[in-house]
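A.B. asks: What follows is my_file_7.cif, made up of mmCIF, C-alpha atoms; chains and numbers go by the auth columns:
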```cif
data_entry
loop_
_atom_site.group_PDB
_atom_site.id
_atom_site.type_symbol
_atom_site.label_atom_id
_atom_site.label_comp_id
_atom_site.label_asym_id
_atom_site.label_seq_id
_atom_site.Cartn_x
_atom_site.Cartn_y
_atom_site.Cartn_z
_atom_site.B_iso_or_equiv
_atom_site.auth_seq_id
_atom_site.auth_asym_id
ATOM 1 C CA MET A 1 7.687 78.034 -55.580 0.00 14 Z
ATOM 2 C CA LEU A 2 5.424 76.202 -58.035 0.00 15 Z
ATOM 3 C CA ASP A 3 8.266 73.799 -58.868 0.00 16 Z
ATOM 4 C CA ASP A 4 8.706 73.007 -55.178 0.00 17 Z
ATOM 5 C CA ILE A 5 5.022 72.396 -54.399 0.00 18 Z
ATOM 6 C CA ILE A 6 3.958 69.045 -52.996 0.00 19 Z
ATOM 7 C CA THR A 7 0.377 67.881 -53.507 0.00 20 Z
ATOM 8 C CA PHE A 8 -1.341 65.520 -51.100 0.00 21 Z
ATOM 9 C CA ALA A 9 -4.472 63.780 -52.371 0.00 22 Z
ATOM 10 C CA ILE A 10 -6.569 62.401 -49.512 0.00 23 Z
ATOM 11 C CA GLY A 11 -9.177 59.671 -49.825 0.00 24 Z
ATOM 12 C CA ASP A 12 -12.732 59.359 -48.520 0.00 25 Z
ATOM 13 C CA VAL A 13 -12.855 60.620 -44.918 0.00 26 Z
ATOM 14 C CA HIS A 14 -16.461 59.663 -44.054 0.00 27 Z
ATOM 15 C CA GLY A 15 -16.564 61.320 -40.643 0.00 28 Z
ATOM 16 C CA CYS A 16 -13.299 59.740 -39.418 0.00 29 Z
ATOM 17 C CA PHE A 17 -12.032 62.877 -37.706 0.00 30 Z
ATOM 18 C CA ASP A 18 -9.301 61.299 -35.571 0.00 31 Z
ATOM 19 C CA LYS A 19 -7.784 59.569 -38.608 0.00 32 Z
ATOM 20 C CA LEU A 20 -7.957 62.809 -40.569 0.00 33 Z
ATOM 21 C CA VAL A 21 -6.101 64.722 -37.863 0.00 34 Z
ATOM 22 C CA ARG A 22 -3.354 62.092 -37.656 0.00 35 Z
ATOM 23 C CA LEU A 23 -2.966 61.993 -41.429 0.00 36 Z
ATOM 24 C CA LEU A 24 -2.782 65.776 -41.727 0.00 37 Z
ATOM 25 C CA GLU A 25 -0.118 65.860 -39.026 0.00 38 Z
ATOM 26 C CA ALA A 26 1.905 63.272 -40.948 0.00 39 Z
ATOM 27 C CA CYS A 27 1.553 65.225 -44.197 0.00 40 Z
ATOM 28 C CA ASP A 28 2.589 68.459 -42.488 0.00 41 Z
ATOM 29 C CA MET A 29 5.754 66.751 -41.244 0.00 42 Z
ATOM 30 C CA ILE A 30 6.560 65.342 -44.673 0.00 43 Z
ATOM 31 C CA LYS A 31 6.090 68.629 -46.520 0.00 44 Z
ATOM 32 C CA GLY A 32 8.726 70.311 -44.372 0.00 45 Z
ATOM 33 C CA GLY A 33 9.292 73.852 -45.572 0.00 46 Z
ATOM 34 C CA ARG A 34 7.688 73.283 -48.963 0.00 47 Z
ATOM 35 C CA HIS A 35 4.437 74.869 -50.021 0.00 48 Z
ATOM 36 C CA ALA A 36 1.696 72.233 -50.050 0.00 49 Z
ATOM 37 C CA ARG A 37 -1.604 71.650 -51.765 0.00 50 Z
ATOM 38 C CA PHE A 38 -4.187 69.333 -50.230 0.00 51 Z
ATOM 39 C CA VAL A 39 -6.802 67.821 -52.544 0.00 52 Z
ATOM 40 C CA PHE A 40 -9.613 66.031 -50.713 0.00 53 Z
ATOM 41 C CA ILE A 41 -11.401 63.593 -52.959 0.00 54 Z
ATOM 42 C CA GLY A 42 -14.887 63.915 -51.421 0.00 55 Z
ATOM 43 C CA ASP A 43 -17.241 62.067 -49.047 0.00 56 Z
ATOM 44 C CA TYR A 44 -16.638 63.952 -45.804 0.00 57 Z
ATOM 45 C CA VAL A 45 -19.900 62.874 -44.149 0.00 58 Z
ATOM 46 C CA ASP A 46 -21.828 59.679 -43.298 0.00 59 Z
ATOM 47 C CA ARG A 47 -20.834 56.302 -41.824 0.00 60 Z
ATOM 48 C CA GLY A 48 -18.120 57.643 -39.507 0.00 61 Z
ATOM 49 C CA PRO A 49 -18.878 59.299 -36.149 0.00 62 Z
ATOM 50 C CA ASP A 50 -17.582 62.868 -36.538 0.00 63 Z
ATOM 51 C CA ALA A 51 -18.797 64.457 -39.775 0.00 64 Z
ATOM 52 C CA ARG A 52 -19.265 67.838 -38.107 0.00 65 Z
ATOM 53 C CA LYS A 53 -15.674 67.911 -36.837 0.00 66 Z
ATOM 54 C CA VAL A 54 -14.398 66.896 -40.263 0.00 67 Z
ATOM 55 C CA LEU A 55 -16.186 69.792 -41.959 0.00 68 Z
ATOM 56 C CA ASP A 56 -15.052 72.198 -39.251 0.00 69 Z
ATOM 57 C CA VAL A 57 -11.384 71.337 -39.749 0.00 70 Z
ATOM 58 C CA LEU A 58 -11.569 71.445 -43.559 0.00 71 Z
ATOM 59 C CA ILE A 59 -13.357 74.795 -43.594 0.00 72 Z
ATOM 60 C CA ASP A 60 -10.845 76.151 -41.075 0.00 73 Z
ATOM 61 C CA ARG A 61 -7.857 75.033 -43.149 0.00 74 Z
ATOM 62 C CA GLN A 62 -9.327 76.686 -46.233 0.00 75 Z
ATOM 63 C CA GLU A 63 -9.978 79.922 -44.377 0.00 76 Z
ATOM 64 C CA ARG A 64 -6.522 80.061 -42.787 0.00 77 Z
ATOM 65 C CA GLY A 65 -4.939 79.807 -46.224 0.00 78 Z
ATOM 66 C CA THR A 66 -1.576 78.492 -44.983 0.00 79 Z
ATOM 67 C CA ASP A 67 -1.760 75.858 -47.717 0.00 80 Z
ATOM 68 C CA HIS A 68 -3.909 75.567 -50.815 0.00 81 Z
ATOM 69 C CA VAL A 69 -6.839 73.338 -49.860 0.00 82 Z
ATOM 70 C CA VAL A 70 -9.108 71.918 -52.575 0.00 83 Z
ATOM 71 C CA CYS A 71 -12.176 69.965 -51.471 0.00 84 Z
ATOM 72 C CA LEU A 72 -14.171 68.082 -54.090 0.00 85 Z
ATOM 73 C CA ARG A 73 -17.760 66.958 -53.716 0.00 86 Z
ATOM 74 C CA GLY A 74 -18.479 63.258 -53.285 0.00 87 Z
ATOM 75 C CA ASN A 75 -21.691 61.332 -53.773 0.00 88 Z
ATOM 76 C CA HIS A 76 -22.398 61.198 -50.021 0.00 89 Z
ATOM 77 C CA ASP A 77 -21.986 64.962 -49.770 0.00 90 Z
ATOM 78 C CA ASP A 78 -24.379 65.298 -52.699 0.00 91 Z
ATOM 79 C CA MET A 79 -26.905 62.916 -51.104 0.00 92 Z
ATOM 80 C CA LEU A 80 -26.823 65.039 -47.960 0.00 93 Z
ATOM 81 C CA LEU A 81 -27.608 68.179 -49.955 0.00 94 Z
ATOM 82 C CA ARG A 82 -30.564 66.463 -51.591 0.00 95 Z
ATOM 83 C CA ALA A 83 -31.840 65.197 -48.235 0.00 96 Z
ATOM 84 C CA ALA A 84 -31.562 68.683 -46.721 0.00 97 Z
ATOM 85 C CA ALA A 85 -33.186 70.513 -49.650 0.00 98 Z
ATOM 86 C CA ARG A 86 -36.607 72.125 -49.285 0.00 99 Z
ATOM 87 C CA GLU A 87 -37.823 70.276 -52.384 0.00 100 Z
ATOM 88 C CA ARG A 88 -36.525 66.877 -51.234 0.00 101 Z
ATOM 89 C CA THR A 89 -38.524 63.727 -51.794 0.00 102 Z
ATOM 90 C CA ASP A 90 -39.058 60.900 -49.322 0.00 103 Z
ATOM 91 C CA ALA A 91 -36.705 58.834 -51.473 0.00 104 Z
ATOM 92 C CA ASP A 92 -33.969 61.480 -51.148 0.00 105 Z
ATOM 93 C CA LEU A 93 -34.223 61.382 -47.372 0.00 106 Z
ATOM 94 C CA VAL A 94 -34.442 57.612 -47.001 0.00 107 Z
ATOM 95 C CA ASN A 95 -31.612 56.969 -49.469 0.00 108 Z
ATOM 96 C CA TRP A 96 -29.255 59.280 -47.603 0.00 109 Z
ATOM 97 C CA TRP A 97 -30.253 58.017 -44.161 0.00 110 Z
ATOM 98 C CA ALA A 98 -29.797 54.384 -45.236 0.00 111 Z
ATOM 99 C CA ASN A 99 -26.259 55.105 -46.458 0.00 112 Z
ATOM 100 C CA GLY A 100 -24.812 56.404 -43.214 0.00 113 Z
ATOM 101 C CA GLY A 101 -26.787 59.598 -42.764 0.00 114 Z
ATOM 102 C CA GLU A 102 -27.831 58.655 -39.250 0.00 115 Z
ATOM 103 C CA GLN A 103 -24.235 58.966 -38.061 0.00 116 Z
ATOM 104 C CA THR A 104 -24.034 62.423 -39.596 0.00 117 Z
ATOM 105 C CA LEU A 105 -27.191 63.534 -37.786 0.00 118 Z
ATOM 106 C CA ASP A 106 -25.770 62.195 -34.518 0.00 119 Z
ATOM 107 C CA SER A 107 -22.549 64.151 -35.011 0.00 120 Z
ATOM 108 C CA TYR A 108 -24.545 67.378 -35.279 0.00 121 Z
ATOM 109 C CA GLY A 109 -27.033 66.464 -32.552 0.00 122 Z
ATOM 110 C CA VAL A 110 -30.063 67.042 -34.797 0.00 123 Z
ATOM 111 C CA GLY A 111 -32.880 64.891 -36.118 0.00 124 Z
ATOM 112 C CA ASP A 112 -33.245 66.205 -39.656 0.00 125 Z
ATOM 113 C CA PRO A 113 -30.589 67.173 -42.234 0.00 126 Z
ATOM 114 C CA CYS A 114 -32.315 70.483 -42.876 0.00 127 Z
ATOM 115 C CA GLU A 115 -31.311 71.440 -39.327 0.00 128 Z
ATOM 116 C CA LEU A 116 -27.597 71.274 -40.146 0.00 129 Z
ATOM 117 C CA PRO A 117 -25.750 74.616 -40.011 0.00 130 Z
ATOM 118 C CA LYS A 118 -26.522 76.649 -43.102 0.00 131 Z
ATOM 119 C CA GLU A 119 -22.856 77.525 -43.524 0.00 132 Z
ATOM 120 C CA HIS A 120 -21.927 73.839 -43.710 0.00 133 Z
ATOM 121 C CA LEU A 121 -24.612 73.102 -46.287 0.00 134 Z
ATOM 122 C CA ALA A 122 -23.568 76.143 -48.322 0.00 135 Z
ATOM 123 C CA TRP A 123 -19.929 75.023 -48.195 0.00 136 Z
ATOM 124 C CA ILE A 124 -20.841 71.572 -49.530 0.00 137 Z
ATOM 125 C CA ASP A 125 -23.062 73.078 -52.216 0.00 138 Z
ATOM 126 C CA ALA A 126 -20.164 75.197 -53.509 0.00 139 Z
ATOM 127 C CA LEU A 127 -17.696 72.310 -53.790 0.00 140 Z
ATOM 128 C CA PRO A 128 -16.313 71.638 -57.288 0.00 141 Z
ATOM 129 C CA LEU A 129 -16.593 68.211 -58.904 0.00 142 Z
ATOM 130 C CA THR A 130 -13.109 68.048 -60.445 0.00 143 Z
ATOM 131 C CA PHE A 131 -9.649 69.564 -60.142 0.00 144 Z
ATOM 132 C CA THR A 132 -6.822 69.350 -62.677 0.00 145 Z
ATOM 133 C CA ASP A 133 -3.098 69.840 -62.177 0.00 146 Z
ATOM 134 C CA ARG A 134 -0.052 68.961 -64.323 0.00 147 Z
ATOM 135 C CA GLY A 135 -1.677 66.175 -66.300 0.00 148 Z
ATOM 136 C CA ARG A 136 -3.648 64.799 -63.356 0.00 149 Z
ATOM 137 C CA LEU A 137 -7.412 64.825 -62.923 0.00 150 Z
ATOM 138 C CA PHE A 138 -8.766 64.610 -59.377 0.00 151 Z
ATOM 139 C CA VAL A 139 -12.382 63.457 -59.123 0.00 152 Z
ATOM 140 C CA HIS A 140 -14.459 61.556 -56.596 0.00 153 Z
ATOM 141 C CA THR A 141 -15.392 58.399 -58.528 0.00 154 Z
ATOM 142 C CA GLY A 142 -13.682 58.479 -61.893 0.00 155 Z
ATOM 143 C CA ILE A 143 -14.902 59.302 -65.389 0.00 156 Z
ATOM 144 C CA ARG A 144 -16.701 57.597 -68.252 0.00 157 Z
ATOM 145 C CA PRO A 145 -14.020 56.234 -70.603 0.00 158 Z
ATOM 146 C CA GLY A 146 -13.952 57.779 -74.048 0.00 159 Z
ATOM 147 C CA VAL A 147 -15.873 60.889 -73.003 0.00 160 Z
ATOM 148 C CA PRO A 148 -13.995 64.230 -72.804 0.00 161 Z
ATOM 149 C CA VAL A 149 -13.842 65.620 -69.263 0.00 162 Z
ATOM 150 C CA PRO A 150 -15.997 68.689 -70.085 0.00 163 Z
ATOM 151 C CA ASP A 151 -18.717 66.328 -71.347 0.00 164 Z
ATOM 152 C CA GLN A 152 -18.832 64.112 -68.265 0.00 165 Z
ATOM 153 C CA THR A 153 -22.176 64.241 -66.488 0.00 166 Z
ATOM 154 C CA GLU A 154 -22.569 64.961 -62.789 0.00 167 Z
ATOM 155 C CA ASP A 155 -23.853 61.417 -62.382 0.00 168 Z
ATOM 156 C CA ASP A 156 -20.650 60.084 -63.972 0.00 169 Z
ATOM 157 C CA VAL A 157 -18.216 61.902 -61.708 0.00 170 Z
ATOM 158 C CA LEU A 158 -20.238 61.290 -58.536 0.00 171 Z
ATOM 159 C CA TRP A 159 -21.314 57.674 -59.033 0.00 172 Z
ATOM 160 C CA ILE A 160 -19.469 55.776 -61.763 0.00 173 Z
ATOM 161 C CA ARG A 161 -17.705 52.506 -61.072 0.00 174 Z
ATOM 162 C CA GLU A 162 -17.894 50.507 -64.285 0.00 175 Z
ATOM 163 C CA PRO A 163 -16.771 50.710 -66.977 0.00 176 Z
ATOM 164 C CA PHE A 164 -14.192 53.063 -65.435 0.00 177 Z
ATOM 165 C CA LEU A 165 -12.597 50.693 -62.916 0.00 178 Z
ATOM 166 C CA SER A 166 -11.899 47.961 -65.442 0.00 179 Z
ATOM 167 C CA SER A 167 -10.753 50.306 -68.212 0.00 180 Z
ATOM 168 C CA ARG A 168 -7.101 50.204 -69.231 0.00 181 Z
ATOM 169 C CA ALA A 169 -7.498 53.088 -71.663 0.00 182 Z
ATOM 170 C CA SER A 170 -5.683 56.371 -71.344 0.00 183 Z
ATOM 171 C CA HIS A 171 -8.105 59.037 -70.149 0.00 184 Z
ATOM 172 C CA GLY A 172 -6.054 61.969 -71.381 0.00 185 Z
ATOM 173 C CA ALA A 173 -4.978 62.575 -67.792 0.00 186 Z
ATOM 174 C CA PHE A 174 -3.907 60.430 -64.851 0.00 187 Z
ATOM 175 C CA VAL A 175 -7.075 60.063 -62.765 0.00 188 Z
ATOM 176 C CA VAL A 176 -6.902 60.235 -58.964 0.00 189 Z
ATOM 177 C CA HIS A 177 -10.139 59.087 -57.341 0.00 190 Z
ATOM 178 C CA GLY A 178 -11.847 57.395 -54.410 0.00 191 Z
ATOM 179 C CA HIS A 179 -15.440 56.165 -53.930 0.00 192 Z
ATOM 180 C CA THR A 180 -14.761 52.426 -54.230 0.00 193 Z
ATOM 181 C CA PRO A 181 -12.963 51.072 -51.136 0.00 194 Z
ATOM 182 C CA THR A 182 -10.037 48.902 -52.140 0.00 195 Z
ATOM 183 C CA GLU A 183 -10.242 45.263 -51.091 0.00 196 Z
ATOM 184 C CA SER A 184 -6.682 45.311 -49.767 0.00 197 Z
ATOM 185 C CA GLY A 185 -7.057 48.447 -47.664 0.00 198 Z
ATOM 186 C CA LEU A 186 -4.115 49.873 -49.629 0.00 199 Z
ATOM 187 C CA PRO A 187 -4.052 52.355 -52.509 0.00 200 Z
ATOM 188 C CA ASP A 188 -4.659 50.810 -55.934 0.00 201 Z
ATOM 189 C CA LEU A 189 -2.154 52.276 -58.406 0.00 202 Z
ATOM 190 C CA ARG A 190 -2.687 51.529 -62.112 0.00 203 Z
ATOM 191 C CA PRO A 191 -0.986 53.054 -65.193 0.00 204 Z
ATOM 192 C CA ASN A 192 -4.030 55.237 -65.896 0.00 205 Z
ATOM 193 C CA ARG A 193 -5.461 55.886 -62.426 0.00 206 Z
ATOM 194 C CA LEU A 194 -5.039 55.765 -58.656 0.00 207 Z
ATOM 195 C CA ASN A 195 -7.734 54.788 -56.145 0.00 208 Z
ATOM 196 C CA ILE A 196 -7.023 56.219 -52.685 0.00 209 Z
ATOM 197 C CA ASP A 197 -10.221 55.151 -50.921 0.00 210 Z
ATOM 198 C CA THR A 198 -8.766 52.613 -48.491 0.00 211 Z
ATOM 199 C CA GLY A 199 -11.930 52.223 -46.402 0.00 212 Z
ATOM 200 C CA ALA A 200 -11.263 54.488 -43.429 0.00 213 Z
ATOM 201 C CA CYS A 201 -14.871 54.221 -42.244 0.00 214 Z
ATOM 202 C CA PHE A 202 -14.621 50.412 -42.260 0.00 215 Z
ATOM 203 C CA GLY A 203 -11.822 50.257 -39.701 0.00 216 Z
ATOM 204 C CA ARG A 204 -8.893 50.768 -42.064 0.00 217 Z
ATOM 205 C CA ALA A 205 -6.456 53.634 -42.344 0.00 218 Z
ATOM 206 C CA LEU A 206 -7.140 56.926 -44.119 0.00 219 Z
ATOM 207 C CA THR A 207 -4.607 57.352 -46.909 0.00 220 Z
ATOM 208 C CA ALA A 208 -2.932 60.170 -48.817 0.00 221 Z
ATOM 209 C CA ALA A 209 -0.816 60.106 -51.964 0.00 222 Z
ATOM 210 C CA SER A 210 1.923 62.674 -52.499 0.00 223 Z
ATOM 211 C CA PHE A 211 2.725 64.195 -55.887 0.00 224 Z
ATOM 212 C CA THR A 212 5.528 66.493 -56.981 0.00 225 Z
ATOM 213 C CA ALA A 213 5.849 68.819 -59.942 0.00 226 Z
ATOM 214 C CA ASP A 214 8.435 66.707 -61.767 0.00 227 Z
ATOM 215 C CA ARG A 215 6.522 63.404 -61.848 0.00 228 Z
ATOM 216 C CA LEU A 216 3.031 62.512 -63.052 0.00 229 Z
ATOM 217 C CA LEU A 217 2.546 59.475 -60.808 0.00 230 Z
ATOM 218 C CA PRO A 218 2.575 59.592 -56.988 0.00 231 Z
ATOM 219 C CA THR A 219 5.904 59.507 -55.186 0.00 232 Z
ATOM 220 C CA HIS A 220 4.749 58.190 -51.800 0.00 233 Z
ATOM 221 C CA PHE A 221 1.754 57.026 -49.809 0.00 234 Z
ATOM 222 C CA ILE A 222 1.073 58.107 -46.226 0.00 235 Z
ATOM 223 C CA ASP A 223 -1.612 56.810 -43.896 0.00 236 Z
ATOM 224 C CA SER A 224 -3.245 57.679 -40.591 0.00 237 Z
ATOM 225 C CA ASP A 225 -1.408 54.826 -38.835 0.00 238 Z
ATOM 226 C CA GLY A 226 1.823 56.746 -39.300 0.00 239 Z
ATOM 227 C CA ASP A 227 3.172 54.616 -42.144 0.00 240 Z
ATOM 228 C CA ALA A 228 4.757 56.044 -45.284 0.00 241 Z
ATOM 229 C CA TRP A 229 6.125 54.116 -48.261 0.00 242 Z
ATOM 230 C CA PRO A 230 7.245 54.759 -51.850 0.00 243 Z
ATOM 231 C CA ALA A 231 4.653 54.415 -54.597 0.00 244 Z
ATOM 232 C CA ARG A 232 5.594 51.606 -56.983 0.00 245 Z
#
```
Can you give me the file's structure in the form of C-alpha cells?
C.D. replies:
Amino acid sequence: MLDDIITFAIGDVHGCFDKLVRLLEACDMIKGGRHARFVFIGDYVDRGPDARKVLDVLIDRQERGTDHVVCLRGNHDDMLLRAAARERTDADLVNWWANGGEQTLDSYGVGDPCELPKEHLAWIDALPLTFTDRGRLFVHTGIRPGVPVPDQTEDDVLWIREPFLSSRASHGAFVVHGHTPTESGLPDLRPNRLNIDTGACFGRALTAASFTADRLLPTHFIDSDGDAWPAR
C-alpha cells in the first residue's frame, strides 16, 4: 500500500472554502482507488471569507481518517493564536487584524479572536511546522539555506522569504512550500523546491501538487478550476 500512495500537497487556502471543496473533489477523483495523503501547507485563515468552514472541513477529514491528512501551521495561523492569547499585546492584535484577521472574525460572527471556538484554537496550536516524506520536506515558507532542518527556528519556517527563494543550493531534501504567492498564479517548480501558493485569496485558483512513491518531484498539478497538467 505504501508504494501505491499518492500525496497531494495543497497551497495556502486563506479562507477560500469553495475553492478548497472543488480542489478536494478533483483530488479525490484523481486518486481513484489508491490510498492518499493530503499535506496542507498552512495559512487556513484570514483574507478569504470562510475561515471557519475551512477549519471545519479540515478537522472533519482528519477525524474521519479515510485518508491521511497532515495540516501544517502557517504564519497567519500563528498570528491568530498570538492575537487570541490571554497574554497578547496590542501589537499582536493589530498585526493580525491588519493582515486579513477581520475576514476571519466575520466568518465566525465574533468581534474578538479570543471568542473563537476553543477547539479550533487548540487544533491550530497543535499543528506541526514541518512534515518529511521520501526525501521531501513540506513546510509553510521554506528554510534558511545551509542550516540543518532540526536547527531551523520557528521564525524561519513561518516567515522566511530570502535568502531561501533565491537560493539554488540543495537543501538536503526537496522543499515543498507556500507563503509567497507566485506572480504567474501557477506553481513555481525549481530543482530544489516547489512553491504551491498560487494566490487563491487574490482571485486565483487554489492549487495542489501530486507526488508518488517512485519519484521525488511532483507528477502533476491540479487546481480548483478543474484543470490538471503534468509537472515539467
A.B. asks: Running the PyMOL selection byres ((chain Z and resi 147) around 9) on this model by hand, what would come out? Give it as a ChimeraX atom specification.
C.D. replies: /Z:145-146,148-150,186,226,228-229
A.B. asks: Evaluate the PyMOL selection byres ((chain Z and resi 204) around 9) on the structure here and hand back the selected residues as a PyMOL selection string.
C.D. replies: chain Z and resi 181+183+187+202-203+205-207+230
A.B. asks: Evaluate the PyMOL selection byres ((chain Z and resi 239-243) around 10) against this structure - the residues, as JSON, numbers by chain, please.
C.D. replies: {"Z": [35, 36, 38, 39, 40, 43, 218, 220, 221, 222, 223, 231, 232, 233, 234, 235, 236, 237, 238, 244, 245]}
A.B. asks: Measuring between all atoms listed in the file, which one of Z:Gly87, Z:Gly45, Z:Ala22, Z:Thr117 shows the shortest distance to Z:Val188?
C.D. replies: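 Once distances to Z:Val188 are computed over all atoms listed in the file, the minimum belongs to Z:Ala22.
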A.B. asks: For the atom pair atom CA of Z:His48 and atom CA of Z:Ile23, what is the interatomic distance in Å to one decimal place?
C.D. replies: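 Computed distance, atom CA of Z:His48 to atom CA of Z:Ile23, equals 16.6 Å.
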A.B. asks: Give me the residues near stretch 59-71 of chain Z as a ChimeraX atom specification, where near means some atom within 7 Å (using all atoms listed in the file) and where sequence neighbours in that chain fewer than 2 positions away do not count.
C.D. replies: /Z:27-30,57,73-75,89,113-114,116-117,120-121,214
A.B. asks: Calculate how many Å separate atom CA of Z:Gly24 from atom CA of Z:His133, rounding to one decimal.
C.D. replies: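 Going from atom CA of Z:Gly24 over to atom CA of Z:His133 covers 20.0 Å.
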A.B. asks: Select, from Z:Glu196, Z:Asp25, Z:Asp31, Z:Asp56, the residue with the minimum atom-to-atom distance to Z:Asp210, counting all atoms listed in the file.
C.D. replies: Z:Asp25
A.B. asks: Could you tell me which of Z:Pro130, Z:Gly185, Z:Gly212, Z:Pro176 comes closest to Z:Gly198 if we count all atoms listed in the file?
C.D. replies: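 Of the candidates, the smallest distance to Z:Gly198 is held by Z:Gly212.
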A.B. asks: Between atom CA of Z:Val170 and atom CA of Z:Phe215, measure the distance and give it in Å to one decimal.
C.D. replies: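 For atom CA of Z:Val170 relative to atom CA of Z:Phe215, the distance reads 22.9 Å.
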A.B. asks: Neighbouring residues of stretch 153-160 of chain Z were defined as those with any atom within 8 Å, considering all atoms listed in the file; residues of the same chain fewer than 3 positions away were excluded. Please report them as a count of residues only.
C.D. replies: 28
A.B. asks: My list of candidates is Z:Val26, Z:Leu219, Z:Val52, Z:Leu94. Which is closest to Z:Phe144 when distances are computed with all atoms listed in the file?
C.D. replies: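 Closest residue, counting all atoms listed in the file: Z:Val52.
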